[in-house]
Amino acid sequence: MRAEAVKSSETFIDPIEKHFYDIIHLIGEDPEREGLKETPKRIAKMYREIFSGLDEDPAEVLGKTFPAEGANDIVIVQDIPFYSVCEHHFVPFFGKAHIGYIPNGRIVGLSKFARLVEILARRPQVQERITNQIVDALEQVIQPVGAIAVIEAEHMCMSMRGVKKPGSKTRTIARRGIFAKDNGVQEERFFRLLEKE
Ligand SMILES: Nc1nc2c(ncn2[C@@H]2O[C@H](COP(=O)(O)OP(=O)(O)OP(=O)(O)O)[C@@H](O)[C@H]2O)c(=O)[nH]1
Ligand SMILES: [Zn+2]
């Protein structure tokens with residue numbers, strides 16, 4: 001591979017730009033050719049966007065909750081689409097998240113589930129961690145009777161490179177409270193209700 005390209009760092013607004021300028025050179029391309037000239041800047045801007053979840057706190061996103069006396073049965077928000085970045089290869093993995101919980105006097109605004117998935121996905125991640133962080137955030141903020149999250153995703157690092165198996169899906173699950181304690185009774189209900197879709 002080539003040596004690092006020479007361009008004064010003053011010409012870069014974002015330090016990420018400088019590093020991508022060098023990477024483009026190192027792979028054997030010309031970072032000064034017209035089509036690539038603005039690419040380091042675009043990538044820097046994109047990285048600030050797709051990793052913006054690192055600056056956000058899941059508990060804060062769910063922070064606003066509401067009382068709901070008598071709401072003591074399962075609530076499911078399903079098919080929340082997301083795009084994340086695999087922390088091993090820095091290529092996308094994407095799919096859908098399904099979240100269920102049984103309230104314990106307090107409920108969460110429905111949009112906040114999508115916001116929660118969004119900020120957890122906008123970080124370098126592994127699928128298992130996002131799944132667990134979803135239920136941990138719910139536990140922390142509203143102490144539900146139980147919480148469950150399922151994520152189904154395709155990993156580009158398995159599709160476009162490496163083992164090259166496009167279409168293969170990974171499913172992860174995380175359970176807290178009653179979902180982990182009642183020998184699968186609530187978990188089975190959750191999956192039955194999901195299948196109704
Ligand atoms: N458990 C888990 N593994 C992941 C996730 N995303 C990517 N991986 C895996 O991370 C692993 C990294 O394995 P390594 O052997 O260190 O890297 P590699 O040589 O590039 O592996 P290959 O992908 O098999 O070519 C691979 O098996 C990926 O499939 C994820 O969200 N969860
Ligand atoms: Zn990967």
# chains A, B, ... in the order shown; residues from 1 in each chain; ligands from 1
call {"tool": "residues_near_ligand", "arguments": {"ligand": "ligand 2", "cutoff": "9 Å", "atoms": "only C-alpha atoms and all ligand atoms", "output": "NGL selection string"}}
result
:A and (85-93 or 126 or 155-158)
call {"tool": "residues_around", "arguments": {"residues": "Pro31 (chain A)", "least_positions_apart": "5", "cutoff": "12 Å", "atoms": "only C-alpha atoms", "output": "PyMOL selection string"}}
result
chain A and resi 4-7+17-26+36-41
call {"tool": "select_by_dssp", "arguments": {"residues": "region 2-186 of chain A", "states": "strand (DSSP E)", "output": "VMD selection string"}}
result
chain A and resid 65 to 67 75 to 86 92 to 102 106 to 108 124 to 125 146 to 155 170 to 177
call {"tool": "write_last_selection", "arguments": {"atoms": "N, CA and C atoms", "output": "CSV table (one decimal), in the first residue's frame"}}
result
chain,number,residue,atom,x,y,z
A,65,THR,N,-42.4,10.0,30.8
A,65,THR,CA,-43.3,8.8,30.9
A,65,THR,C,-44.6,9.3,31.5
A,66,PHE,N,-45.6,8.5,31.4
A,66,PHE,CA,-47.0,8.9,31.8
A,66,PHE,C,-47.6,7.9,32.7
A,67,PRO,N,-48.4,8.3,33.6
A,67,PRO,CA,-49.1,7.3,34.5
A,67,PRO,C,-50.2,6.6,33.7
A,75,VAL,N,-47.8,-4.3,25.9
A,75,VAL,CA,-47.8,-3.3,24.8
A,75,VAL,C,-46.7,-3.7,23.8
A,76,ILE,N,-47.0,-3.8,22.6
A,76,ILE,CA,-46.0,-4.2,21.6
A,76,ILE,C,-45.8,-3.1,20.5
A,77,VAL,N,-44.6,-2.7,20.3
A,77,VAL,CA,-44.3,-1.8,19.1
A,77,VAL,C,-43.4,-2.6,18.2
A,78,GLN,N,-44.0,-2.9,17.0
A,78,GLN,CA,-43.2,-3.9,16.2
A,78,GLN,C,-42.8,-3.2,14.9
A,79,ASP,N,-41.8,-3.9,14.2
A,79,ASP,CA,-41.4,-3.5,12.9
A,79,ASP,C,-40.8,-2.1,12.9
A,80,ILE,N,-40.0,-1.8,13.9
A,80,ILE,CA,-39.3,-0.5,13.9
A,80,ILE,C,-38.0,-0.7,13.0
A,81,PRO,N,-37.9,0.0,11.9
A,81,PRO,CA,-36.8,-0.2,11.0
A,81,PRO,C,-35.6,0.5,11.5
A,82,PHE,N,-34.4,0.0,11.3
A,82,PHE,CA,-33.2,0.6,11.8
A,82,PHE,C,-32.0,0.3,10.8
A,83,TYR,N,-31.0,1.2,10.8
A,83,TYR,CA,-29.8,0.9,10.2
A,83,TYR,C,-28.7,1.2,11.2
A,84,SER,N,-27.8,0.2,11.4
A,84,SER,CA,-26.7,0.4,12.3
A,84,SER,C,-25.4,0.1,11.6
A,85,VAL,N,-24.3,0.2,12.3
A,85,VAL,CA,-23.0,-0.1,11.7
A,85,VAL,C,-22.3,-1.2,12.6
A,86,CYS,N,-21.9,-2.2,11.9
A,86,CYS,CA,-21.2,-3.3,12.7
A,86,CYS,C,-19.8,-2.9,13.2
A,92,PRO,N,-22.8,-1.6,7.2
A,92,PRO,CA,-24.1,-1.6,7.8
A,92,PRO,C,-24.6,-2.9,8.2
A,93,PHE,N,-25.4,-3.0,9.2
A,93,PHE,CA,-26.4,-4.0,9.4
A,93,PHE,C,-27.7,-3.4,9.6
A,94,PHE,N,-28.8,-4.0,9.1
A,94,PHE,CA,-30.1,-3.3,9.1
A,94,PHE,C,-31.2,-4.3,9.2
A,95,GLY,N,-32.3,-3.8,9.7
A,95,GLY,CA,-33.5,-4.7,9.9
A,95,GLY,C,-34.6,-4.1,10.7
A,96,LYS,N,-35.2,-4.9,11.5
A,96,LYS,CA,-36.4,-4.4,12.3
A,96,LYS,C,-36.3,-4.8,13.7
A,97,ALA,N,-36.7,-3.9,14.6
A,97,ALA,CA,-36.8,-4.2,16.0
A,97,ALA,C,-38.2,-4.3,16.4
A,98,HIS,N,-38.5,-5.3,17.3
A,98,HIS,CA,-39.8,-5.4,17.9
A,98,HIS,C,-39.6,-5.3,19.4
A,99,ILE,N,-40.5,-4.5,20.1
A,99,ILE,CA,-40.3,-4.3,21.5
A,99,ILE,C,-41.7,-4.5,22.2
A,100,GLY,N,-41.6,-5.3,23.3
A,100,GLY,CA,-42.8,-5.5,24.1
A,100,GLY,C,-42.5,-5.2,25.6
A,101,TYR,N,-43.5,-4.7,26.3
A,101,TYR,CA,-43.3,-4.5,27.7
A,101,TYR,C,-44.7,-4.6,28.4
A,102,ILE,N,-44.6,-5.0,29.7
A,102,ILE,CA,-45.8,-5.0,30.5
A,102,ILE,C,-45.6,-3.9,31.6
A,106,ARG,N,-46.7,2.9,34.9
A,106,ARG,CA,-46.2,4.0,34.0
A,106,ARG,C,-46.0,3.5,32.6
A,107,ILE,N,-46.3,4.3,31.6
A,107,ILE,CA,-46.1,3.9,30.2
A,107,ILE,C,-45.2,5.0,29.5
A,108,VAL,N,-44.7,4.5,28.4
A,108,VAL,CA,-43.8,5.3,27.6
A,108,VAL,C,-44.5,5.8,26.3
A,124,PRO,N,-21.3,2.5,16.6
A,124,PRO,CA,-20.7,1.2,16.2
A,124,PRO,C,-21.3,0.1,17.2
A,125,GLN,N,-21.9,-0.9,16.6
A,125,GLN,CA,-22.7,-1.8,17.4
A,125,GLN,C,-22.5,-3.3,17.1
A,146,GLY,N,-42.2,-6.4,32.9
A,146,GLY,CA,-41.2,-7.2,32.1
A,146,GLY,C,-41.0,-6.4,30.8
A,147,ALA,N,-39.9,-6.7,30.1
A,147,ALA,CA,-39.6,-6.1,28.8
A,147,ALA,C,-38.9,-7.1,28.0
A,148,ILE,N,-39.2,-7.0,26.7
A,148,ILE,CA,-38.6,-8.0,25.7
A,148,ILE,C,-38.3,-7.3,24.4
A,149,ALA,N,-37.2,-7.6,23.8
A,149,ALA,CA,-36.9,-7.0,22.5
A,149,ALA,C,-36.4,-8.1,21.6
A,150,VAL,N,-36.8,-8.0,20.3
A,150,VAL,CA,-36.3,-8.9,19.3
A,150,VAL,C,-35.8,-8.1,18.1
A,151,ILE,N,-34.7,-8.4,17.6
A,151,ILE,CA,-34.2,-7.7,16.4
A,151,ILE,C,-33.9,-8.8,15.3
A,152,GLU,N,-34.3,-8.5,14.1
A,152,GLU,CA,-34.0,-9.3,13.0
A,152,GLU,C,-33.2,-8.4,12.0
A,153,ALA,N,-32.0,-8.9,11.6
A,153,ALA,CA,-31.2,-8.0,10.8
A,153,ALA,C,-30.4,-8.8,9.8
A,154,GLU,N,-30.0,-8.1,8.7
A,154,GLU,CA,-29.0,-8.6,7.8
A,154,GLU,C,-27.7,-7.8,7.9
A,155,HIS,N,-26.7,-8.5,8.0
A,155,HIS,CA,-25.4,-7.9,8.2
A,155,HIS,C,-24.6,-7.9,6.9
A,170,THR,N,-30.1,-12.6,11.1
A,170,THR,CA,-29.8,-12.9,12.4
A,170,THR,C,-30.9,-12.4,13.3
A,171,ARG,N,-31.3,-13.2,14.2
A,171,ARG,CA,-32.4,-12.8,15.2
A,171,ARG,C,-31.8,-12.9,16.6
A,172,THR,N,-32.0,-11.8,17.3
A,172,THR,CA,-31.5,-11.7,18.7
A,172,THR,C,-32.7,-11.4,19.6
A,173,ILE,N,-32.6,-11.8,20.8
A,173,ILE,CA,-33.7,-11.5,21.8
A,173,ILE,C,-33.1,-11.2,23.1
A,174,ALA,N,-33.8,-10.3,23.8
A,174,ALA,CA,-33.4,-9.9,25.2
A,174,ALA,C,-34.6,-9.8,26.0
A,175,ARG,N,-34.6,-10.5,27.2
A,175,ARG,CA,-35.8,-10.5,28.1
A,175,ARG,C,-35.4,-10.0,29.5
A,176,ARG,N,-36.3,-9.3,30.1
A,176,ARG,CA,-36.1,-8.9,31.5
A,176,ARG,C,-37.5,-9.1,32.2
A,177,GLY,N,-37.3,-9.2,33.5
A,177,GLY,CA,-38.5,-9.3,34.4
A,177,GLY,C,-39.3,-10.6,34.1
call {"tool": "atom_distance", "arguments": {"atom1": "CA of Glu188 (chain A)", "atom2": "CA of Asp136 (chain A)"}}
result
20.5 Å
call {"tool": "residues_around", "arguments": {"residues": "Asp55 (chain A)", "least_positions_apart": "5", "cutoff": "12 Å", "atoms": "only C-alpha atoms", "output": "list in words"}}
result
Arg48, Glu49, Ile50, Glu60, Val61, Ile119, Leu120, Arg122 and Arg123 of chain A
call {"tool": "select_by_dssp", "arguments": {"residues": "chain A", "states": "alpha helix (DSSP H)", "output": "ChimeraX atom specification"}}
result
/A:15-26,34-37,39-50,58-61,111-121,127-142,156-159,185-195
call {"tool": "atom_distance", "arguments": {"atom1": "atom 16 (O, counted along the ligand's line) of ligand 1", "atom2": "CA of Tyr47 (chain A)"}}
result
22.5 Å
